[in-house]
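Next comes my_file.cif, with mmCIF, C-alpha atoms and all ligand atoms.
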```
data_data
#
loop_
_atom_site.label_atom_id
_atom_site.label_comp_id
_atom_site.auth_asym_id
_atom_site.auth_seq_id
_atom_site.Cartn_x
_atom_site.Cartn_y
_atom_site.Cartn_z
CA MET A 241 94.84 100.09 117.45
CA ASN A 242 93.20 101.52 114.36
CA LEU A 243 94.22 99.80 111.13
CA SER A 244 91.42 101.28 109.02
CA ILE A 245 92.10 103.43 105.96
CA LYS A 246 90.02 105.05 103.21
CA ILE A 247 90.36 104.86 99.43
CA GLY A 248 88.03 107.57 98.15
CA LYS A 249 84.78 106.84 99.95
CA LEU A 250 85.71 103.16 100.39
CA ARG A 251 86.52 102.33 104.01
CA MET A 252 88.74 99.28 104.63
CA GLN A 253 89.25 97.60 108.03
CA ASN A 254 92.97 97.32 107.32
CA PRO A 255 95.30 98.41 104.51
CA VAL A 256 96.10 94.95 103.10
CA MET A 257 94.42 93.66 99.96
CA VAL A 258 95.32 91.00 97.42
CA ALA A 259 96.53 91.92 93.93
CA SER A 260 94.42 91.38 90.82
CA GLY A 261 95.17 88.17 88.94
CA THR A 262 96.89 86.47 91.87
CA PHE A 263 93.75 85.61 93.83
CA GLY A 264 91.31 84.39 91.17
CA TYR A 265 87.82 85.57 92.10
CA GLY A 266 88.29 85.03 95.84
CA VAL A 267 86.35 81.77 95.95
CA GLU A 268 89.44 79.75 94.92
CA TYR A 269 91.18 80.86 98.17
CA ALA A 270 88.18 80.55 100.50
CA GLN A 271 89.39 77.22 101.93
CA LEU A 272 92.93 78.51 102.47
CA LEU A 273 92.33 81.67 104.55
CA ASP A 274 89.55 83.72 106.13
CA LEU A 275 88.77 86.22 103.38
CA ASN A 276 86.82 88.41 105.80
CA GLN A 277 90.04 89.39 107.55
CA LEU A 278 91.47 91.07 104.44
CA GLY A 279 91.21 94.78 103.71
CA ALA A 280 89.63 93.97 100.35
CA VAL A 281 89.51 91.24 97.71
CA VAL A 282 90.66 92.37 94.26
CA VAL A 283 89.56 90.09 91.43
CA LYS A 284 91.22 89.17 88.13
CA GLY A 285 90.69 91.68 85.30
CA ILE A 286 87.28 91.66 83.61
CA CYS A 287 86.36 93.14 80.25
CA LEU A 288 83.01 93.17 78.46
CA ASN A 289 83.21 89.72 76.81
CA PRO A 290 84.83 86.39 77.77
CA VAL A 291 88.55 86.05 76.92
CA ARG A 292 90.39 82.71 76.52
CA GLY A 293 93.84 84.06 77.30
CA ASN A 294 97.20 83.00 75.86
CA PRO A 295 98.41 79.49 75.03
CA THR A 296 100.53 77.67 77.65
CA PRO A 297 103.14 77.79 79.11
CA ARG A 298 101.91 81.07 80.55
CA THR A 299 104.09 81.34 83.66
CA VAL A 300 107.76 80.81 84.33
CA GLU A 301 109.70 81.12 87.57
CA VAL A 302 112.86 83.25 87.50
CA ALA A 303 115.27 84.31 90.27
CA SER A 304 113.09 85.88 93.01
CA GLY A 305 110.19 86.33 90.65
CA LEU A 306 107.63 85.12 88.16
CA ILE A 307 107.02 86.03 84.54
CA ASN A 308 103.41 85.59 83.40
CA ALA A 309 101.57 85.97 80.14
CA ILE A 310 98.06 84.87 81.08
CA GLY A 311 96.58 87.16 78.44
CA LEU A 312 93.78 88.54 80.60
CA GLN A 313 91.70 85.37 80.54
CA GLY A 314 88.29 86.06 82.01
CA PRO A 315 84.56 85.33 81.94
CA GLY A 316 83.40 88.80 80.79
CA VAL A 317 80.98 90.98 82.75
CA ASP A 318 77.96 88.65 82.49
CA GLY A 319 79.98 85.50 83.22
CA PHE A 320 81.54 87.15 86.27
CA ILE A 321 78.18 88.34 87.62
CA LYS A 322 76.62 84.91 87.13
CA LYS A 323 79.47 82.73 88.36
CA TYR A 324 81.37 84.75 90.98
CA TRP A 325 79.29 87.68 92.22
CA PRO A 326 76.86 85.57 94.33
CA PHE A 327 79.87 84.43 96.42
CA LEU A 328 81.69 87.77 96.53
CA LYS A 329 78.66 89.89 97.44
CA ARG A 330 78.20 87.87 100.64
CA LEU A 331 81.71 88.67 101.93
CA LYS A 332 81.99 91.19 104.77
CA VAL A 333 84.95 92.89 103.08
CA PRO A 334 84.71 94.95 99.89
CA THR A 335 85.32 93.49 96.45
CA ILE A 336 87.39 95.63 94.11
CA ILE A 337 86.82 94.73 90.48
CA ASN A 338 89.79 95.12 88.15
CA ILE A 339 88.49 96.13 84.71
CA TRP A 340 89.96 96.67 81.27
CA GLY A 341 88.87 97.29 77.70
CA THR A 342 90.22 97.64 74.20
CA THR A 343 88.62 101.08 73.68
CA VAL A 344 87.77 104.02 75.94
CA GLU A 345 84.09 103.24 75.33
CA GLU A 346 84.51 99.64 76.44
CA TYR A 347 86.13 100.70 79.72
CA ALA A 348 83.22 103.08 80.33
CA GLU A 349 80.63 100.43 79.47
CA VAL A 350 82.20 97.90 81.86
CA ALA A 351 82.30 100.60 84.57
CA ARG A 352 78.61 101.39 83.94
CA ARG A 353 77.63 97.72 84.19
CA PHE A 354 79.39 97.27 87.53
CA ASP A 355 77.98 100.55 88.83
CA ALA A 356 74.49 99.23 88.08
CA LEU A 357 75.23 95.93 89.83
CA GLY A 358 75.25 97.53 93.29
CA GLY A 359 77.46 96.49 96.20
CA VAL A 360 80.84 96.73 94.43
CA GLY A 361 83.55 98.31 96.65
CA ALA A 362 85.58 100.02 93.93
CA LEU A 363 86.77 99.64 90.35
CA GLU A 364 90.44 99.30 89.51
CA LEU A 365 91.31 100.32 85.95
CA ASN A 366 93.98 98.11 84.46
CA VAL A 367 95.60 100.49 81.99
CA SER A 368 98.99 98.84 82.22
CA CYS A 369 98.85 95.25 81.05
CA PRO A 370 101.89 94.43 78.91
CA ASN A 371 100.59 91.05 77.77
CA ILE A 372 98.03 91.79 75.10
CA LYS A 373 98.39 93.30 71.70
CA GLU A 374 95.34 95.54 71.76
CA GLY A 375 94.33 97.73 74.69
CA GLY A 376 96.36 97.63 77.87
CA SER A 377 99.74 99.21 77.60
CA GLN A 378 98.92 102.04 75.23
CA PHE A 379 96.37 103.45 77.68
CA GLY A 380 98.83 103.49 80.56
CA THR A 381 101.78 104.85 78.63
CA ASP A 382 100.00 107.68 76.78
CA VAL A 383 99.08 110.57 79.08
CA LYS A 384 96.19 111.76 76.87
CA LEU A 385 94.65 108.29 76.47
CA LEU A 386 95.07 107.63 80.17
CA ALA A 387 93.20 110.83 81.01
CA GLN A 388 90.46 109.89 78.52
CA VAL A 389 89.95 106.43 80.01
CA VAL A 390 89.81 107.72 83.58
CA ALA A 391 87.48 110.59 82.65
CA ALA A 392 85.13 108.26 80.73
CA CYS A 393 84.95 105.85 83.67
CA ARG A 394 84.50 108.76 86.08
CA LYS A 395 81.43 109.80 84.06
CA ALA A 396 80.12 106.22 84.01
CA THR A 397 80.23 105.47 87.73
CA GLN A 398 79.98 106.86 91.24
CA LEU A 399 82.13 103.98 92.53
CA PRO A 400 85.61 104.78 93.85
CA LEU A 401 88.08 104.57 90.95
CA ILE A 402 91.61 103.26 91.33
CA THR A 403 93.93 103.68 88.35
CA LYS A 404 96.50 100.90 88.16
CA MET A 405 99.62 102.50 86.80
CA SER A 406 102.01 101.11 84.22
CA PRO A 407 105.65 100.96 85.40
CA ASN A 408 106.70 101.15 81.77
CA VAL A 409 107.22 104.93 81.67
CA VAL A 410 110.26 107.16 82.02
CA SER A 411 108.65 109.19 84.81
CA ILE A 412 105.42 108.27 86.58
CA ALA A 413 104.63 111.82 87.76
CA PRO A 414 102.79 113.14 84.68
CA TYR A 415 100.74 109.92 84.46
CA ALA A 416 99.87 110.06 88.14
CA ARG A 417 98.76 113.69 87.78
CA ALA A 418 96.74 112.92 84.63
CA ALA A 419 94.85 110.11 86.41
CA ALA A 420 94.20 112.26 89.48
CA ASP A 421 93.08 115.28 87.42
CA ALA A 422 90.70 113.08 85.38
CA GLY A 423 88.92 112.00 88.57
CA SER A 424 90.70 108.91 89.85
CA ASP A 425 90.26 108.51 93.62
CA ALA A 426 93.47 106.53 94.05
CA LEU A 427 96.42 104.99 92.20
CA ALA A 428 97.63 101.40 92.32
CA VAL A 429 101.41 101.24 91.85
CA THR A 430 102.55 99.03 90.19
CA ASN A 431 101.68 96.49 87.53
CA SER A 432 104.22 93.98 86.16
CA TYR A 433 107.43 94.84 84.28
CA PRO A 434 107.93 93.62 80.68
CA ALA A 435 110.26 90.59 80.72
CA MET A 436 111.46 87.46 78.87
CA ALA A 437 113.17 84.15 79.66
CA ILE A 438 114.82 81.65 77.27
CA ASP A 439 115.46 77.89 77.52
CA ILE A 440 119.07 77.72 76.29
CA GLU A 441 118.90 74.00 75.34
CA THR A 442 115.89 74.34 73.03
CA ARG A 443 116.61 78.04 72.29
CA LYS A 444 112.91 78.65 72.74
CA PRO A 445 111.30 81.37 74.83
CA LYS A 446 110.00 79.88 78.08
CA LEU A 447 106.59 81.48 77.52
CA ALA A 448 104.38 80.61 74.55
CA ASN A 449 103.66 84.34 74.29
CA VAL A 450 107.46 84.95 74.10
CA THR A 451 107.33 87.86 76.57
CA GLY A 452 105.38 88.50 79.75
CA GLY A 453 105.20 90.56 82.92
CA LEU A 454 107.71 90.22 85.76
CA THR A 455 106.41 90.25 89.36
CA GLY A 456 107.51 89.08 92.80
CA PRO A 457 110.27 90.06 95.25
CA CYS A 458 112.74 90.97 92.47
CA ILE A 459 110.64 94.04 91.51
CA LYS A 460 110.15 95.37 95.05
CA PRO A 461 112.87 98.06 95.16
CA ILE A 462 111.83 99.49 91.79
CA ALA A 463 108.16 99.43 92.82
CA ILE A 464 109.01 101.26 96.06
CA LYS A 465 110.76 103.96 94.01
CA LEU A 466 107.68 104.30 91.78
CA VAL A 467 105.39 104.66 94.82
CA TRP A 468 107.75 107.30 96.23
CA ASP A 469 107.74 109.20 92.92
CA ALA A 470 103.93 108.99 92.59
CA ALA A 471 103.46 110.13 96.19
CA GLN A 472 105.52 113.25 95.43
CA ALA A 473 103.31 114.00 92.43
CA VAL A 474 99.73 113.58 93.74
CA LYS A 475 97.70 113.89 96.93
CA ILE A 476 95.28 110.99 96.27
CA PRO A 477 95.95 107.68 98.09
CA ILE A 478 98.33 105.15 96.58
CA ILE A 479 98.00 101.38 96.86
CA GLY A 480 101.54 100.00 96.77
CA MET A 481 102.45 96.57 95.43
CA GLY A 482 105.32 94.65 93.91
CA GLY A 483 107.00 91.75 95.67
CA ILE A 484 105.38 92.09 99.08
CA GLN A 485 105.89 88.91 101.12
CA SER A 486 106.10 90.23 104.70
CA ALA A 487 104.84 93.00 106.96
CA ALA A 488 108.28 94.62 106.68
CA ASP A 489 107.82 94.84 102.89
CA ALA A 490 104.34 96.35 103.32
CA ILE A 491 105.57 98.89 105.87
CA GLU A 492 108.36 99.91 103.49
CA PHE A 493 105.74 100.66 100.81
CA MET A 494 103.69 102.65 103.33
CA MET A 495 106.70 104.66 104.46
CA ALA A 496 107.38 105.47 100.78
CA GLY A 497 103.87 106.96 100.62
CA ALA A 498 101.36 104.12 100.11
CA THR A 499 98.09 104.31 102.07
CA ALA A 500 97.36 100.63 101.39
CA VAL A 501 99.20 97.66 99.92
CA ALA A 502 98.44 94.53 97.90
CA VAL A 503 99.99 91.08 98.10
CA GLY A 504 100.35 89.45 94.68
CA THR A 505 102.76 86.71 93.58
CA ALA A 506 103.30 85.60 97.21
CA ASN A 507 99.70 84.28 97.25
CA PHE A 508 100.83 81.50 94.90
CA TYR A 509 103.42 80.05 97.29
CA GLU A 510 101.95 81.15 100.65
CA PRO A 511 98.21 81.87 100.50
CA GLN A 512 98.27 83.14 104.10
CA THR A 513 100.73 85.95 103.27
CA ALA A 514 98.17 88.79 103.41
CA LEU A 515 96.99 87.69 106.88
CA GLN A 516 100.61 87.42 108.07
CA VAL A 517 101.23 90.94 106.77
CA ILE A 518 98.21 92.27 108.72
CA ALA A 519 99.42 90.56 111.92
CA GLY A 520 102.96 91.89 111.38
CA ILE A 521 101.73 95.46 110.86
CA ARG A 522 99.87 95.19 114.18
CA GLU A 523 103.07 93.99 115.90
CA PHE A 524 105.07 96.85 114.37
CA MET A 525 102.48 99.37 115.58
CA GLU A 526 102.57 97.90 119.06
CA LYS A 527 106.37 97.94 119.15
CA HIS A 528 106.51 101.56 118.03
CA GLY A 529 103.55 102.80 120.07
CA LEU A 530 101.43 103.72 117.04
CA LYS A 531 97.66 104.06 117.51
CA ALA A 532 96.72 104.41 113.84
CA VAL A 533 98.23 102.72 110.79
CA LYS A 534 98.04 106.11 109.05
CA GLU A 535 100.95 107.21 111.23
CA ILE A 536 103.21 105.07 109.01
CA ILE A 537 102.21 106.60 105.66
CA GLY A 538 104.88 108.68 103.93
CA THR A 539 107.14 108.80 106.96
CA VAL A 540 110.43 107.87 105.29
CA ALA A 541 112.99 110.33 106.65
CA VAL A 542 114.12 112.21 103.55
CA LYS A 543 115.31 115.80 103.79
CA LYS A 544 113.62 117.99 101.21
C1 LIG B 601 99.52 85.71 87.16
C2 LIG B 601 99.27 87.17 87.31
C3 LIG B 601 98.11 87.73 86.75
C4 LIG B 601 97.86 89.11 86.87
N1 LIG B 601 96.70 89.63 86.34
C5 LIG B 601 96.43 90.96 86.50
C6 LIG B 601 95.21 91.52 86.01
O1 LIG B 601 94.32 90.83 85.49
N2 LIG B 601 95.02 92.86 86.14
C7 LIG B 601 95.96 93.67 86.75
O2 LIG B 601 95.74 94.89 86.84
N3 LIG B 601 97.11 93.16 87.24
C8 LIG B 601 97.36 91.84 87.14
N4 LIG B 601 98.53 91.32 87.66
C9 LIG B 601 99.50 92.20 88.34
C10 LIG B 601 99.33 92.14 89.87
O3 LIG B 601 98.05 92.57 90.26
C11 LIG B 601 100.40 93.02 90.58
O4 LIG B 601 100.28 94.34 90.15
C12 LIG B 601 101.82 92.52 90.30
O5 LIG B 601 101.83 91.12 90.32
C13 LIG B 601 102.85 93.07 91.29
O6 LIG B 601 102.67 92.54 92.58
P1 LIG B 601 103.49 91.22 93.12
O7 LIG B 601 104.92 91.44 92.76
O8 LIG B 601 103.22 91.19 94.60
O9 LIG B 601 102.91 90.06 92.40
C14 LIG B 601 98.79 89.95 87.55
C15 LIG B 601 99.95 89.36 88.11
C16 LIG B 601 100.20 88.00 88.01
C17 LIG B 601 101.43 87.43 88.65
#
```
Would it be possible to restate this file's structure as structure tokens?
Ligand SMILES: Cc1cc2nc3c(=O)[nH]c(=O)nc-3n(C[C@H](O)[C@H](O)[C@H](O)COP(=O)(O)O)c2cc1C
Amino acid sequence: MNLSIKIGKLRMQNPVMVASGTFGYGVEYAQLLDLNQLGAVVVKGICLNPVRGNPTPRTVEVASGLINAIGLQGPGVDGFIKKYWPFLKRLKVPTIINIWGTTVEEYAEVARRFDALGGVGALELNVSCPNIKEGGSQFGTDVKLLAQVVAACRKATQLPLITKMSPNVVSIAPYARAAADAGSDALAVTNSYPAMAIDIETRKPKLANVTGGLTGPCIKPIAIKLVWDAAQAVKIPIIGMGGIQSAADAIEFMMAGATAVAVGTANFYEPQTALQVIAGIREFMEKHGLKAVKEIIGTVAVKK
């Protein structure tokens, strides 16, 4: 059975990766599962300089989901290269680096730095973070700015570029087309949904940041719809994510049009989820007599 897929020129042994921000920098999970069995490791978002993130509490559990407001804490490009790259570069599977900036120029500079590093699998542009006041959401929810960011990164690097889409738009199609036209090799759909939770006894928001991003099983059906919409709009591959906790969830995303998938919030309560998803996809292929995982992509039976 052939589980391999391609994202731009990046070849992956299977279509299952882990979602940025839910898997640290890989090393934190190394004792909990064999990282070399994944399709790719995607690391927490990195910008040019170190970021402390938001005050705590920064996560709160809700029905079938999690709201987080980490605030893009990270070591910056140099800190990442010094502390985490020596471990990641020795893995047999590709590392995808999630990057962000507060200006178009910063995105491009971060892309340039990682291009120069050598050995990086791909860059994922986080244009859709709802948690910070500057940068983030305005890039992903403004078609012109989105195109500028992608084009600037395209100029800065030969690495495969994945644009991580914001779900916070009325229709994803024009954003998907703008990213593809500006040179993105793939789209990641989707980031978290803006959300809030309140402690009714203290009347205080449950997050110090007041609001955060909702993820986990509760967002799955809306994420599937977004993947479906994006797949109608562009020909480039889509990496589907949002609440995946089983192979059945992953296959649903692939049938909606995703070439690959990412496991996010589930890593927090079952670190083996991604490996279970890979095993379950194999079983599904066996059961249905499929030779290549690609035979699943976009096969939802919808009359057009
Ligand atoms: C705690 C936490 C931190 C995250 N940090 C990032 C990040 O740095 N960059 C990014 O693009 N997405 C980030 N995400 C979003 C995830 O990568 C993913 O898109 C989202 O969680 C949906 O998948 P899930 O429902 O399987 O978790 C984060 C999500 C969580 C829960």
Using only C-alpha atoms and all ligand atoms, which residues have at least one atom no more than 7 Å from ligand LIG 601 (chain B)? Output them as a PDB file with C-alpha atoms, in the coordinates of the input.
```pdb
ATOM      1  CA  ALA A 259      96.530  91.920  93.930  1.00  0.00           C
ATOM      2  CA  SER A 260      94.420  91.380  90.820  1.00  0.00           C
ATOM      3  CA  GLY A 261      95.170  88.170  88.940  1.00  0.00           C
ATOM      4  CA  THR A 262      96.890  86.470  91.870  1.00  0.00           C
ATOM      5  CA  LYS A 284      91.220  89.170  88.130  1.00  0.00           C
ATOM      6  CA  GLY A 285      90.690  91.680  85.300  1.00  0.00           C
ATOM      7  CA  LEU A 306     107.630  85.120  88.160  1.00  0.00           C
ATOM      8  CA  ASN A 308     103.410  85.590  83.400  1.00  0.00           C
ATOM      9  CA  ILE A 310      98.060  84.870  81.080  1.00  0.00           C
ATOM     10  CA  LEU A 312      93.780  88.540  80.600  1.00  0.00           C
ATOM     11  CA  ASN A 338      89.790  95.120  88.150  1.00  0.00           C
ATOM     12  CA  ASN A 366      93.980  98.110  84.460  1.00  0.00           C
ATOM     13  CA  SER A 368      98.990  98.840  82.220  1.00  0.00           C
ATOM     14  CA  CYS A 369      98.850  95.250  81.050  1.00  0.00           C
ATOM     15  CA  LYS A 404      96.500 100.900  88.160  1.00  0.00           C
ATOM     16  CA  THR A 430     102.550  99.030  90.190  1.00  0.00           C
ATOM     17  CA  ASN A 431     101.680  96.490  87.530  1.00  0.00           C
ATOM     18  CA  SER A 432     104.220  93.980  86.160  1.00  0.00           C
ATOM     19  CA  THR A 455     106.410  90.250  89.360  1.00  0.00           C
ATOM     20  CA  GLY A 456     107.510  89.080  92.800  1.00  0.00           C
ATOM     21  CA  PRO A 457     110.270  90.060  95.250  1.00  0.00           C
ATOM     22  CA  ILE A 459     110.640  94.040  91.510  1.00  0.00           C
ATOM     23  CA  LYS A 460     110.150  95.370  95.050  1.00  0.00           C
ATOM     24  CA  MET A 481     102.450  96.570  95.430  1.00  0.00           C
ATOM     25  CA  GLY A 482     105.320  94.650  93.910  1.00  0.00           C
ATOM     26  CA  GLY A 483     107.000  91.750  95.670  1.00  0.00           C
ATOM     27  CA  ILE A 484     105.380  92.090  99.080  1.00  0.00           C
ATOM     28  CA  ALA A 502      98.440  94.530  97.900  1.00  0.00           C
ATOM     29  CA  VAL A 503      99.990  91.080  98.100  1.00  0.00           C
ATOM     30  CA  GLY A 504     100.350  89.450  94.680  1.00  0.00           C
ATOM     31  CA  THR A 505     102.760  86.710  93.580  1.00  0.00           C
ATOM     32  CA  ALA A 506     103.300  85.600  97.210  1.00  0.00           C
TER      33      ALA A 506
END
```
(Q) If I take CA of Ile491 (chain A) and CA of Ile464 (chain A), how far is one from the other in Å, to one decimal? (A) 10.7 Å
(Q) For Gly279 (chain A), find every residue with an atom within 7 Å (counting only C-alpha atoms), except residues of its own chain fewer than 2 positions away, and show them as a ChimeraX atom specification. (A) /A:252-257,277,333
Residue neighbourhood region 291-300 of chain A, 9 Å, all atoms listed in the file, exclusion window fewer than 2 positions, as a JSON list (two decimals) with C-alpha atoms, keeping the file's coordinate frame:
```
[["chain", "number", "residue", "atom", "x", "y", "z"],
["A", 286, "ILE", "CA", 87.28, 91.66, 83.61],
["A", 287, "CYS", "CA", 86.36, 93.14, 80.25],
["A", 289, "ASN", "CA", 83.21, 89.72, 76.81],
["A", 302, "VAL", "CA", 112.86, 83.25, 87.50],
["A", 305, "GLY", "CA", 110.19, 86.33, 90.65],
["A", 306, "LEU", "CA", 107.63, 85.12, 88.16],
["A", 307, "ILE", "CA", 107.02, 86.03, 84.54],
["A", 308, "ASN", "CA", 103.41, 85.59, 83.40],
["A", 309, "ALA", "CA", 101.57, 85.97, 80.14],
["A", 310, "ILE", "CA", 98.06, 84.87, 81.08],
["A", 311, "GLY", "CA", 96.58, 87.16, 78.44],
["A", 312, "LEU", "CA", 93.78, 88.54, 80.60],
["A", 313, "GLN", "CA", 91.70, 85.37, 80.54],
["A", 314, "GLY", "CA", 88.29, 86.06, 82.01],
["A", 315, "PRO", "CA", 84.56, 85.33, 81.94],
["A", 316, "GLY", "CA", 83.40, 88.80, 80.79],
["A", 371, "ASN", "CA", 100.59, 91.05, 77.77],
["A", 372, "ILE", "CA", 98.03, 91.79, 75.10],
["A", 437, "ALA", "CA", 113.17, 84.15, 79.66],
["A", 446, "LYS", "CA", 110.00, 79.88, 78.08],
["A", 447, "LEU", "CA", 106.59, 81.48, 77.52],
["A", 448, "ALA", "CA", 104.38, 80.61, 74.55],
["A", 449, "ASN", "CA", 103.66, 84.34, 74.29],
["A", 452, "GLY", "CA", 105.38, 88.50, 79.75]]
```
Q: Find the residues around Ile412 (chain A) up to 8 Å (only C-alpha atoms counted), leave out those fewer than 3 positions away in its own chain, and share them as a PyMOL selection string.
A: chain A and resi 407+409+415-416+466+469-470
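For the set A:Ala435, A:Val501, A:Ala532, A:Ala413, the residue with the smallest atom-to-atom gap to Val474 (chain A) is A:Ala413, counting only C-alpha atoms.
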Q | Atomic separation - CA of Ile537 (chain A) relative to CA of Gly497 (chain A), Å | A | 5.3 Å
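Residues lying within 10 Å of Pro334 (chain A), counting all atoms listed in the file and ignoring same-chain neighbours fewer than 4 positions away, are Leu250, Arg251, Met252, Gln253, Met257, Asn276, Leu278, Gly279, Ala280, Val281, Val282, Leu328, Lys329, Arg330, Gly359, Val360, Gly361 and Ala362 of chain A.
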